[in-house]
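**Student:** I am attaching a structure below and will ask some questions about it afterwards.
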Amino acid sequence: MKAASPIDVRVQAEDFDISAEIRKLAGERTDIGAVVTFTGRCRDEEGRLAALELEHYPDMAETEIARIAREALRRWNLAGLTVIHRFGRILPGQNIVLVVAASTHRKAALEAADFLMDYLKSRAPFWKKEHLTSGEPGQWVNAKTEDEEALAQWRKE
Amino acid sequence: MKAASPIDVRVQAEDFDISAEIRKLAGERTDIGAVVTFTGRCRDEEGRLAALELEHYPDMAETEIARIAREALRRWNLAGLTVIHRFGRILPGQNIVLVVAASTHRKAALEAADFLMDYLKSRAPFWKKEHLTSGEPGQWVNAKTEDEEALAQWRKE
Amino acid sequence: MKLVYFAWVRERVGHETETVSLPGEVVTVSDLLDWLKARGEGYAAAFAHPEIIRVAIDRKHVAHDMELPPDGEVALFPPMTGG
Amino acid sequence: MKLVYFAWVRERVGHETETVSLPGEVVTVSDLLDWLKARGEGYAAAFAHPEIIRVAIDRKHVAHDMELPPDGEVALFPPMTGG
């Protein structure tokens, strides 16, 4: 059994359930040998962070993530790809983002998940603001040079 | 909150639940930024396969997987590592193996999961026998040269 | 032209969205950033370093040398930090 | 010495486990493989290509030039195909 539409992108405030997402993507399909999930979580950075506030550009977020997902599908032979990105207030220990990549073979699923995350970090219209446990006003998280370098690496290939 | 024992290895006939395993490993921990899961599943190879029969060396399997997991913990800064390998008769679409790797940062978790799978394939004492839909006697799966080459790559690093 | 702002660009400008009529000499994204920078204190703070501002036209990332369309939605924001 | 067999080695030998007394000239893993190969038809089939057989002594992978211990469990099997 093959599924028709292999890309599922959602931008939501709610949490997600990883087993349920795998079931939705791969279910009883008998052509999938490997399922990779990547979950990005909020860390408290040794107690410094009380929460992250995720702002996003609603009209653009899903479109842009879907564009990145289609690019992954062009590069790797994938059976399916699910990306869920949350917005709003997220506490330490809670989930921020999920990528599920399914493929016949393992390396394609692992590389696609890695690629997706590199692109989400620097291209999906989301911005993180820190709320501090100290009560002092938090700062917007700075984009990292290394994130741009990570993208450059995929462009070379 | 940090957990004491970061390695959980199980060899079992039963299936596993990925969300439950992530919860067990990472739970409410606030120092984990990335959780990667790799699930290996049984494929039917375009309808050729009715099932895989996984034979294992019970006394050695857990010990050997734990040894590989400890090696991954030495190489990468991981918050935790779970490996579950099933044995017995497994049908197409069903799970064979699960690796869960948790870390502060993503690349460590992705690389550790990849490393674990390369080593499990060629070092964990499991053997797959094919059962065919045609009813003809199935063959033992041959080890692939590329699996040994995948190991060699980790040794170089 | 509809402008929308996000994150610290939005905070410094002081509002989320506005509709502007651009003078004829504002042709590219880069011209728009310079024009915005000169609109007052909040704008000066938001666009002090126009080279780091990211821009999307009608929800697509564009480079600073891109010509502005006659109409549409131009979003201005800091480098993204999703994922 | 306890010997255990897995997968097609087990199928060709015809049993899962056995206890053997080794002659004095069987010193290394390699010697053991040659000795087994000469034990009859099933053994000949199982150990026709001794170089591809993997060996674990007391549940640890060993190389073919390893000396056998005085006692213990020697497992003989094809290249593994787990994962």
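In the structure tokens, chains take letters A, B, ... by order of appearance, with residues numbered from 1 within each chain and ligands from 1 in the order shown.
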Extract, using only C-alpha atoms, all DNA, RNA and protein residues at most 10 Å from D:Ala44, discarding same-chain residues fewer than 6 positions from it, and format them as a compact mmCIF listing (two decimals) with C-alpha atoms, in the first residue's frame.
**Tutor:**
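Wrote it out as selection29.txt, contents follow:
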# COMPACT_ATOMS: atom_id res chain seq x y z
CA ARG D 12 23.55 -27.38 8.58
CA VAL D 13 25.17 -28.87 11.69
CA ASP D 34 39.04 -26.79 10.54
CA TRP D 35 38.43 -29.55 13.06
CA LEU D 36 34.66 -29.06 12.91
CA LYS D 37 34.68 -29.06 9.10
CA ALA D 38 36.08 -32.60 9.16
CA PRO D 50 35.56 -21.11 7.61
**Student:** Can you list, as a ChimeraX atom specification, every protein, DNA or RNA residue that comes within 12 Å of D:Gly24 when you count only C-alpha atoms, leaving out same-chain residues fewer than 5 positions away?
**Tutor:** /D:31-32,35,68,70
**Student:** When the cut-off is 7 Å and we count only C-alpha atoms, which residues of chain B are near chain A, given as a list of chain:residue names?
**Tutor:**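 Residues passing the distance filter: B:Asp17, B:Ile18, B:Ser19, B:Glu28, B:Arg29, B:Thr30, B:Asp31, B:Ile32, B:Gly33, B:Ala34, B:Val35, B:Val36, B:Thr37, B:Phe38, B:Thr39, B:Gly40, B:Arg41, B:Cys42, B:Arg43, B:Asp44, B:Glu45, B:Pro92, B:Gly93.
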**Student:** Please report, as an MDAnalysis selection string, each residue of chain B to which DSSP assigns strand (DSSP E) when run on this structure's backbone.
**Tutor:** chainID B and resid 7:12 34:41 49:56 78:86 88:90 95:103 126:132
**Student:** Env of A:Ala72: 12 Å cut, atoms = only C-alpha atoms, seq-sep filter 3 positions within chain, self excluded. Answer as an MDAnalysis selection string.
**Tutor:** chainID A and resid 6:7 65:69 75:83 99 101:103 108:120 154
**Student:** Which is closest to chain A among D:Arg39, D:His49, D:Gly83, D:Leu76, if we use only C-alpha atoms?
**Tutor:**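 Closest residue, counting only C-alpha atoms: D:Gly83.
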**Student:** Leaving out A:Trp140 and any residue of its chain fewer than 5 positions from it, which residues lie within 12 Å of it when counting only C-alpha atoms, given as a PyMOL selection string?
**Tutor:** (chain A and resi 52-55+126-132) or (chain C and resi 6-11+77-82)
**Student:** With distances taken over only C-alpha atoms, which of C:Asp65, C:Glu25, C:Glu41, C:Glu73 is nearest to chain A?
**Tutor:**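 Among the listed residues, C:Glu73 lies closest to chain A.
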**Student:** What is the atom CA of D:Glu18 to atom CA of D:Val4 distance in Å?
**Tutor:** 6.7 Å
